[in-house]
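Participant: Have a look at this one before I ask anything.
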Number of protein chains: 2
Amino acid sequence: MQTIYSQPESCERWGVYELALPGKTAGNPFEDYKIQGVFQSPDETVRVSGFYDGGGVYRIRFMPSFEGLYTYTVSGSFSDETTQGTFKAVAPGENNHGPVRVKNQFHLAYASGKPHYSVGTTCYAFALQKPDIVENTFQELKKGYFNKLRFCLMPKHYDFCLQDPVCFPYEGTPMDAGILTRQNFSDDNGAAPGNHWDFRRFNPAFFQLYDQMISRLMELNIEADMILFHAYDRWGFSKMSMEDNLFYIRYVTARYGAYRNVWWSLANEYEQLKHLGVEDWEVLAAALKEADPYGHLASIHNCEKFYDYSRNWITHCSCQREDHHKTTEFTEDLRERYGKPVIWDEVGYEGDFPHCWGNFIPEELTRRAWEAVLRGGYCGHGETYLSKDDKIWWAHGGQLKGDSAPRFRFLLEFLQDVPGCGLKLAKLRDDVHFQWDDYVAVPEDAAYLGDYYFFYYSIWRPSFRQIWIDDSTWFDVDVVDTWNMTVTPIGCRKGRFELPLPGTQYIGIRLRRAKDA
Amino acid sequence: MQTIYSQPESCERWGVYELALPGKTAGNPFEDYKIQGVFQSPDETVRVSGFYDGGGVYRIRFMPSFEGLYTYTVSGSFSDETTQGTFKAVAPGENNHGPVRVKNQFHLAYASGKPHYSVGTTCYAFALQKPDIVENTFQELKKGYFNKLRFCLMPKHYDFCLQDPVCFPYEGTPMDAGILTRQNFSDDNGAAPGNHWDFRRFNPAFFQLYDQMISRLMELNIEADMILFHAYDRWGFSKMSMEDNLFYIRYVTARYGAYRNVWWSLANEYEQLKHLGVEDWEVLAAALKEADPYGHLASIHNCEKFYDYSRNWITHCSCQREDHHKTTEFTEDLRERYGKPVIWDEVGYEGDFPHCWGNFIPEELTRRAWEAVLRGGYCGHGETYLSKDDKIWWAHGGQLKGDSAPRFRFLLEFLQDVPGCGLKLAKLRDDVHFQWDDYVAVPEDAAYLGDYYFFYYSIWRPSFRQIWIDDSTWFDVDVVDTWNMTVTPIGCRKGRFELPLPGTQYIGIRLRRAKDA
């Protein structure tokens with residue numbers, strides 16, 4: 001019987017159950033040996049792959065989807081022995097609601113049933129910064145502005161983000177970065193001469209870093225929207241062979257698949273990886289789905305043109321705006337076209353960058369988020385302020401400098417009050433007295449139709465509006481100032497009534513069926 | 001020989017030459033008699049109709065398009081005699097550049113050749129207000145904010161504009177308006193009971209009022225964009241028979257066709273006249289063109305859906321935005337689709353109305369105008385502030401209350417500096433080093449390509465930008481703040497250079513080929 005380094009006796013439902021086992025080290029353990037496990041309970045049987053973590057240690061991770069007694073068997077060429085055992089999957093802790101799934105076709109909820117209203121942000125290279133910067137990032141994340149973080153697994157090379165990462169994913173040496181400046185950044189991504197890597201030998205320290213990051217995000221109830229491939233690269237990681245890409249995917253899925261908060265983002269700006277076509281992405285997606293027994297949320301993010309989100313492996317649209325001027329106002333069109341949740345992961349960044357996507361005023365970024373929500377979709381935050389510390393939230397994390405982040409938390413709190421799970425844009429119909437220029441959200445769940453209305457006025461600033469839902473229902477009426485983050489109760493109203501409004505932009509009116517009426 | 005009340009001996013080229021003649025009054029002189037004139041010079045022969053102006057007076061008006069001696073013959077059943085005479089068409093005065101025509105396919109110029117950069121505004125019912133209000137309107141117009149005024153000939157009944165006009169176009173009596181309020185305004189336009197009109201007997205005082213208005217606008221070099229039909233009506237003028245519509249068109253064209261500053265707008269929000277289909281509009285348009293020997297600019301304005309501007313009689317697109325969020329950014333698409341000048345006559349109004357189209361912040365309205373100009377089109381101003389005096393620029397004229405009007409004058413001044421006639425959006429090409437997110441206007445005239453560039457940053461606020469046109473040309477560089485109305489010279493630049501910018505919205509960079517370089 002071999003020594004088992006780690007073999008816990010229990011694990012929360014939707015927690016990470018991990019076994020650490022000794023194994024063979026001759027040759028290249030990343031490539032030369034296999035490790036598989038079978039986890040079985042009365043409710044499920046799941047086969048998972050393990051991975052080599054350096055220092056002679058193999059690990060296998062499993063997320064139990066049910067409570068109860070699990071038995072397992074771990075075997076493979078990594079060892080001449082088979083390991084068997086049991087553990088008990090116990091009730092989840094207070095903050096553990098399980099992985100996020102699609103719900104109501106266009107929305108998301110945790111496995112527990114609790115709605116997940118996606119309010120994300122982006123810190124592409126946050127994990128690969130020096131520890132003090134990483135701590136600053138987590139300090140900001142603790143403020144509850146966001147419940148999803150988009151980040152790249154691979155290091156990032158792009159304007160204003162040219163430093164080498166604290167460590168690299170592979171054994172080898174990077175090119176000399178001493179002469180890099182913003183000006184000599186090249187769009188010819190990756191594969192610059194001077195890099196020497198063994199794409200079959202992972203650097204365990206690099207991936208252990210992400211174990212920690214994903215765990216810490218999980219503790220904060222933040223989804224880890226992990227981007228597997230991207231083009232902003234000078235080290236050649238974006239130009240590996242398809243075999244190496246698949247080798248990497250299998251390692252990453254074995255390693256991180258058991259974290260309930262993981263979402264797969266196959267690529268950021270997939271078109272920018274110009275040597276990969278749709279056929280290649282589909283091969284990589286198939287490998288990803290094959291290796292993920294949990295069915296984590298998965299998508300692929302565009303640069304200029306949406307991927308075909310109707311593909312079966314894609315659980316939700318992960319959009320960058322196609323149009324500079326009109327963005328989240330297309331949410332309803334995308335819902336209709338793809339029949340899936342619409343998440344605008346990039347519509348522009350609050351900041352002062354030279355690039356048009358990176359110098360929005362906070363009001364406009366916030367407005368775009370509300371336009372998405374109004375139409376039954378979601379929109380993420382982003383921030384790109386050039387600052388003295390050279391740390392930009394979008395790339396490095398660190399400290400937030402802008403004004404929109406608290407507004408995203410306000411939006412999240414607003415959504416948590418919606419009955420059922422999620423909103424959709426109401427159709428202007430004859431039987432409800434909406435005006436032709438009303439934009440009104442109503443609950444997605446048919447059971448709650450008629451209980452809740454949200455009128456949103458966007459860039460407009462009416463000094464008053466008439467509301468007329470029906471003549472028999474009393475509603476509690478609130479004026480919601482989405483920029484100043486105030487909810488002002490107006491009182492109970494019925495029938496046709498005129499509401500004075502502040503005459504400023506970004507105002508909404510919320511009607512909730514009165515409980516005592 | 002009959003008495004001639006008025007028979008001037010000379011007239012400016014593009015001025016109004018008018019003859020006033022006595023004629024028959026038995027029966028209905030508006031309908032029962034004809035009056036036609038033939039005006040002849042070495043350069044042209046023009047046949048025009050005259051009109052009855054009440055009190056036994058018939059008038060015939062003619063605009064000479066050339067200098068030189070004209071002879072004329074006036075005849076018709078209105079009189080048993082034929083009137084003949086001559087007059088001299090002299091050189092136009094300093095402010096007389098003739099009628100506006102299409103130039104460079106997508107732009108406009110006066111007949112003299114001087115570019116006309118359309119910067120209009122809308123005061124639908126300004127002419128039918130009490131005299132002090134009309135004087136206020138002209139006081140504002142004298143400030144030079146605009147060079148075109150859109151207005152309705154027929155009285156207007158709509159929210160916040162419910163008063164009876166100072167006079168009516170027909171003999172008869174209107175319905176009692178005593179009980180009208182905004183709340184009982186009905187979309188079922190026109191033909192309310194209680195109106196009694198003779199649609200074959202015009203009220204000369206009504207039309208004489210417009211003689212004055214058009215003349216006064218002409219003196220201010222303001223084009224009179226006259227809307228012939230609209231639906232916002234409680235008197236029945238929008239629901240006349242097609243025969244009465246044609247009778248009206250013939251009267252209006254005979255009366256106003258000789259004013260060089262007249263533009264014909266066949267209808268405002270044509271779809272709202274629900275009893276008239278495209279076939280009807282085409283019949284009315286044909287009558288309009290038949291009766292107009294001068295080829296005045298002519299179009300028809302939409303409510304929700306653009307008319308088919310490719311029709312031959314339409315000289316330019318007169319657009320209301322089809323989309324609430326993205327408007328003048330479609331200018332290039334419309335240029336490509338219709339091959340004609342694109343004038344956005346309504347993209348929203350600065351104001352505080354309850355209606356979504358009437359409560360823009362001035363910055364957004366101004367931005368929409370610059371987006372149009374950037375793409376080789378034009379965009380008009382509009383203002384809808386509810387105020388204590390109940391006078392709203394959009395309907396009554398009166399006093400401007402907003403902040404965008406001076407910005408439209410600034411835009412006009414900016415355009416007057418463009419070489420040639422008009423701008424167009426540059427294509428991002430390899431031989432010019434535009435960045436992918438540059439929006440750059442260049443001269444429409446090929447002769448001036450390379451001499452002038454205008455980069456516009458719209459809602460974005462870059463803290464700096466790189467510019468790189470070519471390495472051999474020196475440019476005078478200005479930073480243009482389209483909101484604060486400043487032009488800040490940066491000096492002469494060549495090759496690739498980085499420009500610090502204010503980091504605020506609505507900024508442009510103008511490059512003009514240096515004269516001494």
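Going through the structure tokens in order, the chains are called A, B, and so on, while each chain numbers its residues from 1 and the ligands are numbered from 1 in the order shown.
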Identify, on the basis of only C-alpha atoms, every residue whose closest approach to A:Tyr124 does not exceed 10 Å; exclude the query and any residue fewer than 6 positions from it along the same chain; express the result as a PyMOL selection string.

Facilitator: chain A and resi 149-156+161+226-227+268+393-397

Participant: Identify, with DSSP run on backbone atoms, the residues in stretch 220-432 of chain B assigned to alpha helix (DSSP H), and express the list as JSON, numbers by chain.

Facilitator: {"B": [242, 243, 244, 245, 246, 247, 248, 249, 250, 251, 252, 253, 254, 255, 256, 278, 279, 280, 281, 282, 283, 284, 285, 286, 287, 288, 289, 290, 291, 331, 332, 333, 334, 335, 336, 337, 338, 362, 363, 364, 365, 366, 367, 368, 369, 370, 371, 372, 373, 374, 393, 394, 395, 396, 405, 406, 407, 408, 409, 410, 411, 412, 413, 414, 415]}

Participant: What lies within 10 Å of B:Ser49 using only C-alpha atoms, ignoring chain neighbours under 5 positions off, as a compact mmCIF listing (two decimals) with C-alpha atoms, in the first residue's frame?

Facilitator:
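The result, stored in part.txt:
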# COMPACT_ATOMS: atom_id res chain seq x y z
CA LYS B 34 -56.35 80.54 -63.80
CA ILE B 35 -53.39 82.88 -64.01
CA GLN B 36 -50.15 81.91 -65.73
CA GLY B 37 -46.99 83.73 -66.69
CA VAL B 38 -44.15 83.11 -69.07
CA ARG B 59 -50.25 87.82 -57.96
CA ILE B 60 -47.64 86.13 -59.99
CA ARG B 61 -44.14 85.55 -58.63
CA PHE B 62 -40.99 84.61 -60.46
CA VAL B 74 -49.28 87.02 -67.98
CA SER B 75 -52.62 85.65 -69.06
CA GLY B 76 -55.44 83.39 -67.97
CA ARG B 250 -50.73 74.15 -56.30
CA TYR B 251 -51.57 77.24 -54.28
CA THR B 253 -46.07 76.31 -54.85
CA ALA B 254 -47.44 79.21 -56.91
CA ARG B 255 -47.20 81.43 -53.86
CA GLY B 257 -41.91 78.84 -55.20
CA ALA B 291 -45.58 73.10 -60.05
CA ASP B 292 -42.03 74.04 -59.09
CA PRO B 293 -40.00 75.25 -62.09

Participant: Could you give me, as an MDAnalysis selection string, the residues within 9 Å of stretch 385-390 of chain A, counting only C-alpha atoms and dropping anything in the same chain fewer than 4 positions from it?

Facilitator: (chainID A and resid 160:161 349:353 358:359 394 396 400:402) or (chainID B and resid 463)

Participant: What are the nearest atom pairs, with distances in Å to one decimal, for all residues of chain A that come at most 10 Å from chain B, using only C-alpha atoms, set out by chain and rising residue number as a tab-separated table?

Facilitator:
residue	atom	partner	partner_atom	distance
A:Asp323	CA	B:Lys326	CA	9.9
A:His324	CA	B:Asp437	CA	9.1
A:His325	CA	B:Lys326	CA	6.4
A:Lys326	CA	B:Lys326	CA	6.0
A:Thr327	CA	B:His325	CA	9.4
A:Glu329	CA	B:His325	CA	7.8
A:Gly348	CA	B:Trp460	CA	9.9
A:Glu350	CA	B:Trp460	CA	9.7
A:Gly351	CA	B:Arg461	CA	8.3
A:Asp352	CA	B:Pro462	CA	5.3
A:Phe353	CA	B:Pro462	CA	5.4
A:Pro354	CA	B:Pro462	CA	4.4
A:His355	CA	B:Pro462	CA	6.8
A:Cys356	CA	B:Asp437	CA	6.1
A:Trp357	CA	B:Trp460	CA	8.1
A:Gly358	CA	B:Pro462	CA	8.0
A:Asn359	CA	B:Arg461	CA	5.4
A:Phe360	CA	B:Trp460	CA	5.5
A:Ile361	CA	B:Trp460	CA	7.5
A:Glu364	CA	B:Ile459	CA	8.5
A:Tyr385	CA	B:Ser463	CA	9.8
A:Leu386	CA	B:Ser463	CA	8.9
A:Gln435	CA	B:His355	CA	9.3
A:Trp436	CA	B:His355	CA	9.4
A:Asp437	CA	B:Cys356	CA	6.1
A:Asp438	CA	B:Cys356	CA	8.2
A:Tyr457	CA	B:Cys356	CA	7.8
A:Ser458	CA	B:Cys356	CA	9.6
A:Ile459	CA	B:Phe360	CA	7.2
A:Trp460	CA	B:Phe360	CA	5.6
A:Arg461	CA	B:Asn359	CA	5.4
A:Pro462	CA	B:Pro354	CA	4.4
A:Ser463	CA	B:Asp352	CA	5.5
A:Phe464	CA	B:Pro354	CA	5.4
A:Arg465	CA	B:Pro354	CA	5.4
A:Gln466	CA	B:Pro354	CA	8.2
A:Pro500	CA	B:Pro354	CA	9.6
A:Leu501	CA	B:Pro354	CA	9.3
A:Gly503	CA	B:Asp352	CA	6.6
A:Thr504	CA	B:Ile361	CA	8.8
A:Gln505	CA	B:Ile361	CA	8.3

Participant: Extract, using only C-alpha atoms, all DNA, RNA and protein residues at most 12 Å from A:Ser241, discarding same-chain residues fewer than 2 positions from it, and format them as number ranges by chain.

Facilitator: A: 191, 199-200, 236-239, 243-248, 275-276, 280, 284

Participant: Export N, CA, C and O atoms of the chosen residues as a short mmCIF file (atom, residue, chain, number, x, y, z; two decimals), in the first residue's frame?

Facilitator:
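In the end it all went to selection-v4.cif:
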data_model
loop_
_atom_site.label_atom_id
_atom_site.label_comp_id
_atom_site.auth_asym_id
_atom_site.auth_seq_id
_atom_site.Cartn_x
_atom_site.Cartn_y
_atom_site.Cartn_z
N ALA A 191 5.57 34.10 -30.03
CA ALA A 191 6.62 33.40 -30.75
C ALA A 191 7.80 34.29 -31.11
O ALA A 191 8.47 34.06 -32.11
N PHE A 199 7.06 22.66 -23.86
CA PHE A 199 5.60 22.70 -23.73
C PHE A 199 5.02 21.38 -23.20
O PHE A 199 3.81 21.23 -23.14
N ARG A 200 5.91 20.45 -22.85
CA ARG A 200 5.44 19.21 -22.22
C ARG A 200 5.82 19.15 -20.74
O ARG A 200 5.58 18.13 -20.09
N GLY A 236 5.22 33.10 -26.87
CA GLY A 236 4.94 31.95 -27.72
C GLY A 236 3.84 31.04 -27.21
O GLY A 236 3.51 30.04 -27.84
N PHE A 237 3.23 31.36 -26.05
CA PHE A 237 2.19 30.48 -25.51
C PHE A 237 0.92 30.51 -26.37
O PHE A 237 0.09 29.61 -26.28
N SER A 238 0.78 31.57 -27.15
CA SER A 238 -0.40 31.67 -28.02
C SER A 238 -0.16 30.98 -29.36
O SER A 238 -1.08 30.89 -30.16
N LYS A 239 1.05 30.51 -29.59
CA LYS A 239 1.35 29.89 -30.88
C LYS A 239 1.85 28.47 -30.74
O LYS A 239 2.61 27.97 -31.56
N GLU A 243 -1.41 20.02 -30.65
CA GLU A 243 -1.14 18.95 -29.69
C GLU A 243 -0.79 19.54 -28.32
O GLU A 243 -1.25 19.04 -27.29
N ASP A 244 0.03 20.57 -28.35
CA ASP A 244 0.40 21.21 -27.08
C ASP A 244 -0.80 21.94 -26.46
O ASP A 244 -0.97 21.95 -25.24
N ASN A 245 -1.63 22.52 -27.30
CA ASN A 245 -2.84 23.16 -26.78
C ASN A 245 -3.72 22.14 -26.06
O ASN A 245 -4.26 22.41 -24.98
N LEU A 246 -3.87 20.97 -26.67
CA LEU A 246 -4.71 19.93 -26.08
C LEU A 246 -4.09 19.38 -24.79
O LEU A 246 -4.79 19.12 -23.80
N PHE A 247 -2.78 19.26 -24.81
CA PHE A 247 -2.05 18.80 -23.62
C PHE A 247 -2.28 19.76 -22.45
O PHE A 247 -2.55 19.36 -21.32
N TYR A 248 -2.25 21.03 -22.77
CA TYR A 248 -2.50 22.11 -21.79
C TYR A 248 -3.94 22.07 -21.28
O TYR A 248 -4.20 22.13 -20.07
N HIS A 275 -3.81 32.06 -36.29
CA HIS A 275 -3.47 30.74 -36.84
C HIS A 275 -4.50 29.69 -36.44
O HIS A 275 -4.41 28.55 -36.88
N LEU A 276 -5.47 30.06 -35.62
CA LEU A 276 -6.51 29.09 -35.23
C LEU A 276 -7.84 29.47 -35.87
O LEU A 276 -8.29 30.61 -35.73
N ASP A 280 -10.39 24.59 -35.36
CA ASP A 280 -9.47 24.38 -34.25
C ASP A 280 -10.15 24.66 -32.91
O ASP A 280 -10.01 23.90 -31.95
N LEU A 284 -10.65 22.14 -29.71
CA LEU A 284 -10.25 22.47 -28.34
C LEU A 284 -11.46 22.44 -27.40
O LEU A 284 -11.38 21.96 -26.26
#

Participant: Give me every strand (DSSP E or B) residue in stretch 60-147 of chain A, going by DSSP on the backbone, as number ranges by chain.

Facilitator: A: 60-62, 68-75, 83-90, 100-103, 107-110, 115, 120-122

Participant: What is the atom CA of B:Ala89-atom CA of B:Arg260 distance in Å, reported with one decimal?

Facilitator: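 Taking atom CA of B:Ala89 and atom CA of B:Arg260, their separation equals 14.4 Å.
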
Participant: Tell me, in Å to one decimal, how far atom CA of B:Asp233 is from atom CA of B:Asp308.

Facilitator: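 Going from atom CA of B:Asp233 over to atom CA of B:Asp308, I get 25.0 Å.
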
Participant: Would you list the contacts of B:Gly120 as number ranges by chain, taking every protein, DNA or RNA residue within 12 Å and counting only C-alpha atoms, but skipping same-chain residues closer than 3 positions in sequence?

Facilitator: B: 116-117, 123, 141, 144-151, 221-225, 318, 343-347, 369, 378-383, 394, 405, 408-409, 411-412
